[in-house]
Every structure is written in C-alpha cells, then in structure tokens.
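File shown: my_file-v3.txt. Contents: compact mmCIF, C-alpha atoms and all ligand atoms.
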```txt
# COMPACT_ATOMS: atom_id res chain seq x y z
CA MET A 16 -6.75 26.31 -40.20
CA ARG A 17 -4.83 28.91 -38.21
CA HIS A 18 -6.62 32.18 -37.48
CA PHE A 19 -3.60 33.94 -36.06
CA ARG A 20 0.11 33.59 -35.49
CA PRO A 21 0.77 33.74 -31.74
CA ILE A 22 4.48 33.44 -32.31
CA SER A 23 5.05 37.15 -32.77
CA VAL A 24 3.49 37.90 -29.38
CA ALA A 25 5.76 35.22 -27.97
CA ARG A 26 8.73 36.87 -29.66
CA LEU A 27 7.79 40.26 -28.27
CA LEU A 28 7.64 38.80 -24.79
CA THR A 29 11.01 37.12 -25.28
CA ILE A 30 12.56 40.38 -26.46
CA ARG A 31 11.01 42.09 -23.46
CA ARG A 32 13.13 40.05 -21.07
CA SER A 33 16.29 41.71 -22.31
CA LEU A 34 14.97 45.29 -22.03
CA GLU A 35 15.10 47.89 -19.28
CA PRO A 36 11.97 47.80 -17.09
CA ARG A 37 10.60 51.04 -18.61
CA TRP A 38 10.71 49.66 -22.14
CA ALA A 39 9.79 46.16 -21.03
CA ARG A 40 6.51 47.51 -19.68
CA ARG A 41 5.70 49.23 -22.98
CA VAL A 42 6.51 46.15 -25.03
CA GLY A 43 4.37 44.11 -22.61
CA VAL A 44 1.39 46.44 -23.15
CA VAL A 45 1.76 46.14 -26.94
CA ALA A 46 1.94 42.34 -26.67
CA VAL A 47 -1.19 42.22 -24.53
CA ARG A 48 -3.04 44.46 -27.01
CA ILE A 49 -2.05 42.31 -29.96
CA SER A 50 -3.14 39.27 -28.03
CA ALA A 51 -6.46 40.91 -27.07
CA TRP A 52 -7.04 42.02 -30.65
CA ARG A 53 -6.46 38.51 -31.94
CA SER A 54 -8.72 37.00 -29.28
CA ALA A 55 -11.46 39.46 -30.17
CA ARG A 56 -11.05 38.72 -33.88
CA MET A 57 -11.44 35.01 -33.19
CA ASP A 58 -14.47 35.70 -30.98
CA LEU A 59 -15.97 37.79 -33.75
CA ALA A 60 -15.31 35.16 -36.40
CA ALA A 61 -16.91 32.51 -34.20
CA ALA A 62 -19.88 34.75 -33.43
CA MET A 63 -20.46 35.36 -37.13
CA ARG A 64 -20.33 31.66 -37.88
CA HIS A 65 -22.88 30.95 -35.19
CA ASP A 66 -25.06 33.86 -36.26
CA LYS A 67 -25.72 32.51 -39.72
CA GLY A 68 -29.25 31.69 -38.61
CA GLY A 69 -30.03 35.30 -37.82
CA GLY A 70 -29.72 36.05 -34.08
CA LEU A 71 -27.39 39.00 -33.71
CA LEU A 72 -27.49 38.92 -29.93
CA LEU A 73 -23.88 37.78 -29.70
CA PHE A 74 -22.65 39.78 -32.63
CA PHE A 75 -22.86 43.31 -31.26
CA PRO A 76 -21.19 42.62 -27.90
CA ARG A 77 -18.34 40.94 -29.81
CA VAL A 78 -17.95 43.93 -32.10
CA GLY A 79 -17.88 46.11 -28.97
CA LEU A 80 -15.11 43.97 -27.50
CA LEU A 81 -13.22 44.17 -30.76
CA LEU A 82 -13.40 47.99 -30.70
CA LEU A 83 -12.22 48.00 -27.08
CA ALA A 84 -9.23 45.87 -28.10
CA ILE A 85 -8.41 48.30 -30.90
CA VAL A 86 -8.45 51.33 -28.59
CA GLY A 87 -6.21 49.45 -26.21
CA VAL A 88 -8.26 48.07 -23.34
CA PRO A 89 -5.94 45.34 -22.13
CA ALA A 90 -6.36 41.72 -21.47
CA VAL A 91 -8.88 41.77 -18.64
CA ALA A 92 -11.93 41.58 -20.90
CA PHE A 93 -10.38 38.80 -22.96
CA ALA A 94 -8.35 36.95 -20.37
CA GLN A 95 -8.05 33.25 -20.77
CA THR A 96 -8.20 31.24 -17.56
CA ILE A 97 -5.99 28.32 -16.61
CA SER A 98 -5.51 26.01 -13.64
CA PHE A 99 -2.64 23.63 -12.92
CA THR A 100 -2.81 19.92 -12.11
CA PHE A 101 0.08 17.53 -11.51
CA ASP A 102 -0.06 13.78 -12.02
CA ASP A 103 1.69 10.76 -10.60
CA GLY A 104 3.51 12.03 -7.47
CA LEU A 105 7.03 11.03 -6.47
CA ASP A 106 8.30 7.71 -5.14
CA ALA A 107 10.88 8.63 -2.50
CA GLY A 108 12.23 5.08 -2.67
CA GLN A 109 12.94 5.35 -6.41
CA VAL A 110 13.75 9.01 -6.99
CA GLU A 111 16.82 10.08 -5.10
CA ASN A 112 15.91 13.75 -4.77
CA ALA A 113 12.13 13.29 -4.53
CA ALA A 114 11.80 15.59 -1.52
CA VAL A 115 13.83 18.33 -3.25
CA LEU A 116 11.77 18.14 -6.48
CA ASN A 117 8.53 18.11 -4.49
CA GLY A 118 9.72 21.13 -2.48
CA GLN A 119 10.70 23.07 -5.61
CA ILE A 120 7.29 22.57 -7.23
CA LEU A 121 5.50 23.59 -4.05
CA ALA A 122 7.79 26.62 -3.63
CA ALA A 123 6.98 27.84 -7.17
CA LEU A 124 3.24 27.48 -6.51
CA ARG A 125 3.60 29.34 -3.20
CA ALA A 126 5.70 32.11 -4.74
CA HIS A 127 2.99 32.75 -7.35
CA ALA A 128 0.11 32.25 -4.89
CA VAL A 129 -1.32 29.46 -7.04
CA LYS A 130 -3.49 26.64 -5.71
CA ALA A 131 -3.06 23.47 -7.76
CA MET A 132 -4.19 19.85 -7.57
CA LEU A 133 -2.15 16.66 -7.25
CA PHE A 134 -3.18 13.24 -8.59
CA PRO A 135 -0.71 10.73 -7.12
CA ILE A 136 -0.49 7.13 -8.27
CA GLY A 137 -1.38 5.16 -5.13
CA ARG A 138 1.32 2.53 -5.55
CA ARG A 139 3.99 5.15 -6.13
CA VAL A 140 3.30 7.03 -2.90
CA ASP A 141 2.41 4.06 -0.67
CA SER A 142 5.30 4.48 1.77
CA PRO A 143 5.64 6.78 4.79
CA GLN A 144 8.23 9.01 3.05
CA SER A 145 6.33 9.31 -0.23
CA LEU A 146 2.99 9.83 1.50
CA SER A 147 4.55 12.64 3.53
CA LEU A 148 5.40 14.38 0.23
CA VAL A 149 1.74 14.15 -0.79
CA ALA A 150 0.77 15.42 2.66
CA GLU A 151 2.93 18.51 2.03
CA TRP A 152 0.67 19.39 -0.91
CA SER A 153 -2.40 18.99 1.24
CA ALA A 154 -0.89 21.03 4.09
CA ALA A 155 -0.18 23.83 1.58
CA GLY A 156 -3.86 23.87 0.58
CA HIS A 157 -3.59 22.03 -2.74
CA ALA A 158 -6.36 19.54 -3.45
CA VAL A 159 -5.43 15.87 -3.80
CA GLY A 160 -7.42 13.61 -6.11
CA ASN A 161 -7.53 10.01 -7.31
CA HIS A 162 -5.28 8.67 -10.09
CA THR A 163 -5.93 4.98 -9.19
CA TYR A 164 -3.59 2.72 -7.25
CA THR A 165 -1.76 0.90 -10.08
CA HIS A 166 -2.23 3.34 -12.98
CA ARG A 167 -3.82 0.90 -15.39
CA ASN A 168 -5.01 1.82 -18.84
CA LEU A 169 -8.81 1.60 -18.94
CA GLY A 170 -8.60 1.82 -22.73
CA THR A 171 -7.16 -1.70 -23.01
CA ALA A 172 -9.27 -4.84 -23.12
CA PRO A 173 -7.61 -6.73 -20.21
CA VAL A 174 -8.63 -4.00 -17.73
CA THR A 175 -12.30 -4.51 -16.85
CA ALA A 176 -14.53 -1.82 -15.36
CA GLN A 177 -14.71 -3.83 -12.10
CA GLU A 178 -10.94 -4.13 -11.79
CA PHE A 179 -10.53 -0.48 -12.61
CA THR A 180 -13.03 0.78 -10.04
CA ALA A 181 -11.51 -1.51 -7.39
CA ASP A 182 -8.18 0.15 -8.18
CA VAL A 183 -9.77 3.58 -7.71
CA GLN A 184 -11.13 2.46 -4.32
CA ARG A 185 -7.73 1.21 -3.26
CA ALA A 186 -6.18 4.64 -3.90
CA ASP A 187 -9.14 6.20 -2.12
CA ARG A 188 -8.42 4.22 1.06
CA LEU A 189 -4.77 5.27 0.95
CA LEU A 190 -5.40 9.00 0.56
CA LEU A 191 -8.78 9.87 2.05
CA HIS A 192 -7.27 10.92 5.38
CA LEU A 193 -5.69 13.96 3.73
CA PRO A 194 -7.44 17.23 4.63
CA THR A 195 -7.79 18.36 1.00
CA TRP A 196 -8.79 14.93 -0.37
CA THR A 197 -11.28 15.35 -3.22
CA LYS A 198 -13.30 12.65 -4.95
CA ARG A 199 -12.17 13.57 -8.44
CA LEU A 200 -10.78 10.92 -10.76
CA ARG A 201 -7.96 11.54 -13.23
CA PHE A 202 -7.94 8.63 -15.68
CA PRO A 203 -4.43 7.19 -16.20
CA TYR A 204 -3.18 8.11 -19.70
CA LEU A 205 -6.48 10.02 -20.00
CA LYS A 206 -8.08 6.77 -21.24
CA GLU A 207 -11.73 6.31 -20.36
CA GLY A 208 -12.49 2.97 -22.00
CA GLU A 209 -12.18 1.49 -25.46
CA THR A 210 -15.85 0.51 -25.60
CA ALA A 211 -18.98 2.53 -24.83
CA GLU A 212 -20.13 -0.22 -22.47
CA LYS A 213 -17.02 -0.04 -20.30
CA ARG A 214 -16.97 3.73 -20.39
CA GLU A 215 -20.58 3.85 -19.19
CA GLN A 216 -20.03 1.18 -16.51
CA VAL A 217 -17.33 3.34 -14.95
CA ARG A 218 -19.39 6.52 -15.32
CA ARG A 219 -22.32 4.85 -13.54
CA TRP A 220 -20.02 3.64 -10.75
CA MET A 221 -18.65 7.16 -10.34
CA ASP A 222 -22.17 8.61 -10.08
CA VAL A 223 -23.08 6.12 -7.36
CA GLU A 224 -19.85 6.73 -5.43
CA GLY A 225 -19.97 10.52 -5.77
CA TYR A 226 -16.85 10.64 -7.93
CA ARG A 227 -16.50 13.34 -10.54
CA PRO A 228 -14.07 13.18 -13.46
CA ALA A 229 -10.97 15.40 -13.41
CA TYR A 230 -10.81 16.00 -17.14
CA VAL A 231 -7.99 18.07 -18.56
CA SER A 232 -8.41 20.58 -21.37
CA ILE A 233 -4.72 21.14 -22.16
CA ASP A 234 -2.65 17.97 -22.61
CA THR A 235 1.11 18.38 -22.99
CA SER A 236 4.21 16.20 -23.36
CA ASP A 237 5.85 17.73 -20.30
CA TRP A 238 7.00 14.26 -19.21
CA TYR A 239 8.80 13.80 -22.54
CA TYR A 240 10.49 17.19 -22.23
CA SER A 241 11.49 16.20 -18.71
CA GLN A 242 13.14 12.96 -19.90
CA ARG A 243 15.05 14.87 -22.56
CA PHE A 244 15.97 17.60 -20.06
CA VAL A 245 17.40 15.08 -17.58
CA ALA A 246 19.35 13.24 -20.31
CA TRP A 247 20.64 16.55 -21.71
CA ARG A 248 21.94 17.67 -18.32
CA GLN A 249 23.55 14.27 -17.76
CA ARG A 250 25.59 14.93 -20.89
CA GLY A 251 27.06 17.90 -19.03
CA GLU A 252 24.98 20.66 -20.65
CA THR A 253 24.45 23.73 -18.47
CA ASP A 254 22.77 26.40 -20.62
CA VAL A 255 19.49 25.88 -18.83
CA ALA A 256 17.97 29.10 -20.21
CA ALA A 257 17.94 27.66 -23.74
CA PHE A 258 16.03 24.58 -22.64
CA ARG A 259 13.65 26.74 -20.64
CA GLU A 260 12.76 28.69 -23.79
CA ALA A 261 12.00 25.47 -25.66
CA TYR A 262 9.84 24.16 -22.80
CA LEU A 263 7.91 27.40 -22.36
CA ASP A 264 7.32 27.61 -26.12
CA HIS A 265 5.99 24.05 -26.08
CA LEU A 266 3.51 24.64 -23.24
CA TRP A 267 2.40 27.91 -24.81
CA ASP A 268 1.87 26.20 -28.16
CA ARG A 269 -0.21 23.43 -26.58
CA ALA A 270 -2.29 25.93 -24.58
CA LEU A 271 -3.07 27.96 -27.70
CA TYR A 272 -3.85 24.82 -29.70
CA TYR A 273 -6.49 23.61 -27.24
CA ASP A 274 -7.81 27.12 -26.64
CA GLN A 275 -8.28 27.63 -30.36
CA LEU A 276 -9.83 24.17 -30.76
CA ALA A 277 -12.34 25.15 -28.04
CA MET A 278 -13.17 28.34 -29.95
CA GLU A 279 -13.76 26.34 -33.10
CA VAL A 280 -15.85 23.62 -31.45
CA LEU A 281 -17.59 25.40 -28.56
CA GLY A 282 -17.43 28.97 -29.77
CA ARG A 283 -15.95 30.08 -26.46
CA ARG A 284 -12.89 29.82 -24.24
CA PRO A 285 -13.43 27.51 -21.28
CA ALA A 286 -11.57 27.73 -17.99
CA HIS A 287 -8.61 25.48 -18.75
CA VAL A 288 -7.13 22.62 -16.78
CA ILE A 289 -3.56 21.83 -17.82
CA LEU A 290 -1.94 18.45 -17.22
CA LEU A 291 1.63 18.49 -15.93
CA HIS A 292 3.60 15.97 -13.90
CA THR A 293 5.66 16.05 -10.71
CA ASN A 294 8.95 15.80 -12.59
CA PRO A 295 12.37 17.48 -12.80
CA ILE A 296 11.48 19.89 -15.60
CA ASN A 297 8.58 21.35 -13.64
CA ALA A 298 10.68 21.44 -10.46
CA MET A 299 13.12 23.57 -12.47
CA PHE A 300 10.81 25.80 -14.52
CA LEU A 301 7.33 25.87 -12.96
CA GLY A 302 7.88 29.42 -11.70
CA ASP A 303 8.70 30.51 -15.27
CA VAL A 304 5.64 28.67 -16.58
CA LEU A 305 3.32 30.42 -14.13
CA ALA A 306 4.95 33.79 -14.85
CA MET A 307 4.59 33.25 -18.61
CA PHE A 308 0.86 32.62 -18.48
CA ARG A 309 0.30 35.61 -16.17
CA ASP A 310 2.56 37.87 -18.29
CA ARG A 311 0.54 36.96 -21.35
CA GLY A 312 -2.72 37.92 -19.74
CA TRP A 313 -4.03 34.56 -18.57
CA ALA A 314 -5.72 34.41 -15.16
CA ILE A 315 -4.68 31.49 -12.96
CA VAL A 316 -7.40 29.92 -10.82
CA SER A 317 -7.61 26.76 -8.72
CA PRO A 318 -8.56 23.52 -10.50
CA GLU A 319 -11.76 23.27 -8.42
CA GLU A 320 -12.77 26.68 -9.74
CA ALA A 321 -11.97 25.68 -13.33
CA PHE A 322 -13.88 22.39 -12.94
CA ARG A 323 -17.06 24.47 -12.45
CA ASP A 324 -16.95 25.17 -16.17
CA ALA A 325 -19.68 23.12 -17.83
CA ILE A 326 -17.23 21.35 -20.17
CA TYR A 327 -15.92 19.27 -17.24
CA SER A 328 -19.40 17.85 -16.66
CA ALA A 329 -19.76 16.84 -20.31
CA ARG A 330 -19.95 13.16 -21.13
CA PRO A 331 -18.65 12.85 -24.64
CA ASN A 332 -19.98 9.89 -26.57
CA THR A 333 -16.70 8.80 -28.14
CA THR A 334 -14.81 5.52 -28.40
CA PRO A 335 -12.09 4.96 -27.60
CA ALA A 336 -13.07 7.41 -24.84
CA GLY A 337 -10.79 9.91 -23.17
CA GLU A 338 -8.06 12.46 -24.03
CA SER A 339 -8.44 16.19 -23.48
CA ILE A 340 -12.12 17.00 -22.91
CA ILE A 341 -11.91 19.65 -25.67
CA TRP A 342 -10.43 17.10 -28.05
CA ALA A 343 -13.12 14.55 -27.13
CA LEU A 344 -15.87 17.13 -27.71
CA ALA A 345 -14.29 18.04 -31.06
CA LYS A 346 -14.19 14.38 -32.02
CA GLU A 347 -17.80 13.92 -30.92
CA ALA A 348 -18.80 16.92 -33.04
CA GLY A 349 -17.11 15.28 -36.03
CA LYS A 350 -14.50 17.98 -36.50
CA PRO A 351 -12.29 17.00 -39.47
CA GLY A 352 -8.51 17.03 -39.47
CA LEU A 353 -7.99 16.59 -35.72
CA ARG A 354 -4.38 15.96 -34.80
CA TYR A 355 -4.15 12.73 -32.83
CA PRO A 356 -3.67 14.01 -29.31
CA ALA A 357 -1.56 11.27 -27.73
CA GLU A 358 1.05 13.51 -26.21
CA ASP A 359 3.62 10.77 -26.46
CA GLY A 360 6.56 12.81 -27.67
CA THR A 361 6.16 11.83 -31.33
CA TYR A 362 5.77 15.43 -32.38
CA GLU A 363 8.42 16.74 -30.03
CA GLU A 364 11.22 14.29 -30.76
CA PRO A 365 12.37 15.76 -34.11
CA LEU A 366 11.88 19.26 -32.75
CA LEU A 367 14.16 18.69 -29.75
CA ASP A 368 16.66 16.77 -31.90
CA ARG A 369 16.88 19.71 -34.25
CA LYS A 370 17.46 22.14 -31.40
CA GLY A 371 20.30 19.99 -30.16
CA PHE A 372 18.63 19.00 -26.88
ZN ZN B 1 -0.45 9.28 -14.73
```
As structure tokens, please, write out the structure in this file.
Amino acid sequence: MRHFRPISVARLLTIRRSLEPRWARRVGVVAVRISAWRSARMDLAAAMRHDKGGGLLLFFPRVGLLLLAIVGVPAVAFAQTISFTFDDGLDAGQVENAAVLNGQILAALRAHAVKAMLFPIGRRVDSPQSLSLVAEWSAAGHAVGNHTYTHRNLGTAPVTAQEFTADVQRADRLLLHLPTWTKRLRFPYLKEGETAEKREQVRRWMDVEGYRPAYVSIDTSDWYYSQRFVAWRQRGETDVAAFREAYLDHLWDRALYYDQLAMEVLGRRPAHVILLHTNPINAMFLGDVLAMFRDRGWAIVSPEEAFRDAIYSARPNTTPAGESIIWALAKEAGKPGLRYPAEDGTYEEPLLDRKGF
C-alpha cells in the first residue's frame, strides 16, 4: 500500500535545477512543504492506527505537526536522518584507478562535511597500497569497521559460526591499528545465519568480544548500477547526467521504501544507515547523492550517531537472519506482502534496459 507519491516532489526538485536561483528557491520551499505535509500525514495515520486502544497522547502532537506543515513550517520538524556507510574497499592491485576512486569518494564527503564509515574486506585491502587507501579514510576522521577477512556468506551451511568468527578476528588484526577502528561488524551480503542456532552463536561471540552489529536500514543495488554504469561508459556513452538521474532516482526510491516500511512497522522514522560501496558510480556521483538528500530535507549524521537509534540494537528473531534491520523487523512482525529485499539487481535490470543504459 502506498500512502503517497514521492515522485512529484522528485519532479519538482528536478525542474528546480533548470531554474534561476530566485525561482529555484521558491520551488524548493514548495517541495519541502509537500514533503513535510506528506510526512505529517503518514505520522498521523500511524498515530491513529496505534491509538485504536484509546491513548490519545500521540494523537494531538501529530495533529499539531500536521497543522504546522499546512501553514508552511519547513522540513526541520519532520526531517528524516541518514548516515552513509561504504562496503568492501578497493584492491589497488586489481583496480587500476583505485587511488583515484578512493580520493573522489573522500573528496565528496569532505566537500559536504559528512563523516561516513568504511567496512573493507580484509583480503581485498591486505597490501601496503590498499591499506594506505583505508588509512586515508581513517585520517579524514571516518570510522573503519569489520567486514570480515574473506567475505563469506554466514547464511550458507558450509560456513560455520567458528569459521566465521575466526574470519572476523583476522580482519580485526589487520585493521585495529587504524585510529578510527571501531568494533562494529557488517555481515557480508547482510546474511546473519540460516539457522537460529548459528545466528545466536555469532551473537554470543560478539557480546563476549565487545562487537556490535553494523546493521543497515536502507539497502540498495548501488553495486549493480555501478556495473551497468561502467559497461555503459565502455560502450562510448558520455551523457553522464542522464545516468546520474537514474541513479539518484533509484537511491531516493530505496530510501523512501525503507522509511515508509519503518513507519508501517515501527510507527516512526529511525535514523537511517544506508549501504553503498566504494565503486565507480559513487566516485562519480556521491556529491550529487549527498546534495539530493540535503536538498530534500534529510539531515546527514555520522553512522555512529545513527547507530544510537534503538533499532540497531534489536535482535530480530528471523531465519534466515539478516537483510536490512527494518526489513528483518517487518518480517519478524509478520508483515504481509514484503518485497524480497535481496538487492541483487533483479528489479533494476529491466528498468535500466528500458532506459537504454
Ligand atoms: Zn561486502
């Protein structure tokens, strides 16, 4: 069920880019008000659902917020919050322009004063050149966390809890010298175990070792877009702006999907953690991505700040375990009609084909 159509706000913001600054500002204000109004309407709808039992405590503040949105108080009161995390790192021995890509991502973060978090695959960065790229993140104040050494899928039977945790420790030994090293674990493929027993074995190990999970709330197929982007450019295409639009639309769509799912399941908007990768498409467009979220009224915080949100301490009782924490909580709550979240490009392939990318 869709409560609102975000696309028209997106259109307004696209139109805005072609306008003079004076008019662009006005269109921006209108877009923010529409967005705030829709957020408030969703909040109100959720509050009413939860108030069936009587308590009107939530109801009146929501109505107040709704009235504020109508009279034009902008996004501040309704702002969504997002933080940015990047998986996998770059292998300087495999990727020719690894240092350039790394530098472009870091430059975009610096230009927008955003602190992010990197989760490198140990094996991929286990060389002096590749490790120095990771060290650049740390030197710039971005946290570095654990994504295991060999990036194995804990959701498959051959990978035992013992093997998996040994792999986590191996990455730990490689990276713990970094000044911003943080004992947070990003599960490869977001898979947390195909059985409850294995899932709990790893959770217990993490408790003992002082490791906390680095769950994501917004999962995307940025890596698939990146593959298509690279292949598209290799065919000699140069109209980068068109691809940028498609990529921004995709990330925006995924962000709204998970944000709305959170409203439906939790009745509130959590501080989001988005999963992106250190890849060519983000090297090219990260600045535009950050600008888009800010332009549309979202506040950008550091991942550590977002992780303080209680949803990242949840321990969903689902098997197979993993995926976006919002999706896992929705599944645990028995929400019907959940789209399978594997962001494996299945949904995007026909879309990009149709657009000629
Ligand atoms: Zn990964």
For the atom pair atom CA of A:Val183 and atom CA of A:Asn161, what is the interatomic distance in Å to one decimal place?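 Between these atoms lies a distance of 6.8 Å.
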What are the closest atom pairs, with distances in Å to one decimal, for all residues of chain A lying within 7 Å of ligand ZN 1 (chain B)? Consider only C-alpha atoms and all ligand atoms, order rows by chain and residue number, and present the result as CSV.
```
residue,atom,partner,partner_atom,distance
A:Asp102,CA,B:ZN1,ZN,5.3
A:Asp103,CA,B:ZN1,ZN,4.9
A:Ile136,CA,B:ZN1,ZN,6.8
A:His162,CA,B:ZN1,ZN,6.7
A:His166,CA,B:ZN1,ZN,6.4
A:Pro203,CA,B:ZN1,ZN,4.7
A:Tyr204,CA,B:ZN1,ZN,5.8
```
With distances taken over all atoms listed in the file, which of A:Val174, A:Ala181, A:Ala325, A:Ala155 is nearest to A:Leu281? A:Ala325
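Distance check against A:Thr165 using all atoms listed in the file: of A:Glu111, A:Glu363, A:Asp182, A:Asp187, the minimum falls on A:Asp182.
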Between atom CA of A:Phe372 and atom CA of A:Thr293, distance in Å (one decimal):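 Calculated distance between atom CA of A:Phe372 and atom CA of A:Thr293 is 20.9 Å.
From atom CA of A:Trp313 back to atom CA of A:Ala94, the distance works out to 5.3 Å.
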Quick one: residues within 10 Å of A:Met307, all atoms listed in the file, excluding same-chain residues fewer than 3 positions away - as a list in words? Ala25, Leu28, Leu263, Asp264, Leu266, Trp267, Leu301, Gly302, Asp303, Val304, Asp310, Arg311, Gly312 and Trp313 of chain A
Hey, what's within 10 Å of A:Ile341 if we count only C-alpha atoms and toss same-chain stuff fewer than 3 positions away? As a list in words, please?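 Residues near the query, excluding close chain neighbours: Tyr230, Val231, Ser232, Ile233, Asp234, Tyr273, Asp274, Gln275, Leu276, Ala277, Met278, Val280, Leu281, Pro285, His287, Ile326, Tyr327, Ala329, Pro331, Glu338, Leu344, Ala345, Lys346 and Glu347 of chain A.
Closest approach to A:Tyr239 among A:Glu252, A:Glu212, A:Glu364, A:Asp268 is made by A:Glu364 (distances from only C-alpha atoms).
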Test item: which residues lie within 7 Å of (-6.5, 25.2, -6.0) counting all atoms listed in the file, as a list in words: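 Residues lying no farther than 7 Å from the given point: Val129, Lys130, Ala131, Met132, His157, Ala158, Val316, Ser317, Pro318 and Glu319 of chain A.
Nearest residue to A:Glu178, choosing from A:Arg199, A:Lys213, A:Arg250, A:Arg284 and counting all atoms listed in the file: A:Lys213.
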Measuring atom to atom with only C-alpha atoms, identify which of A:Arg56, A:Arg330, A:Arg369, A:Arg185 is nearest to A:Ala211.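 Of A:Arg56, A:Arg330, A:Arg369, A:Arg185, the one nearest A:Ala211, counting only C-alpha atoms, is A:Arg330.
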At a cut-off of 10 Å around the point (-9.1, 5.5, -15.3) (file coordinates), what residues fall inside when counting all atoms listed in the file? I'd like the answer as a list in words.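 Residues satisfying the cut-off, written out: Asn161, His162, Thr163, His166, Arg167, Asn168, Leu169, Gly170, Val174, Ala176, Phe179, Thr180, Asp182, Val183, Leu200, Arg201, Phe202, Pro203, Tyr204, Leu205, Lys206, Glu207, Gly208, Arg214, Val217, Pro228 and Gly337 of chain A.
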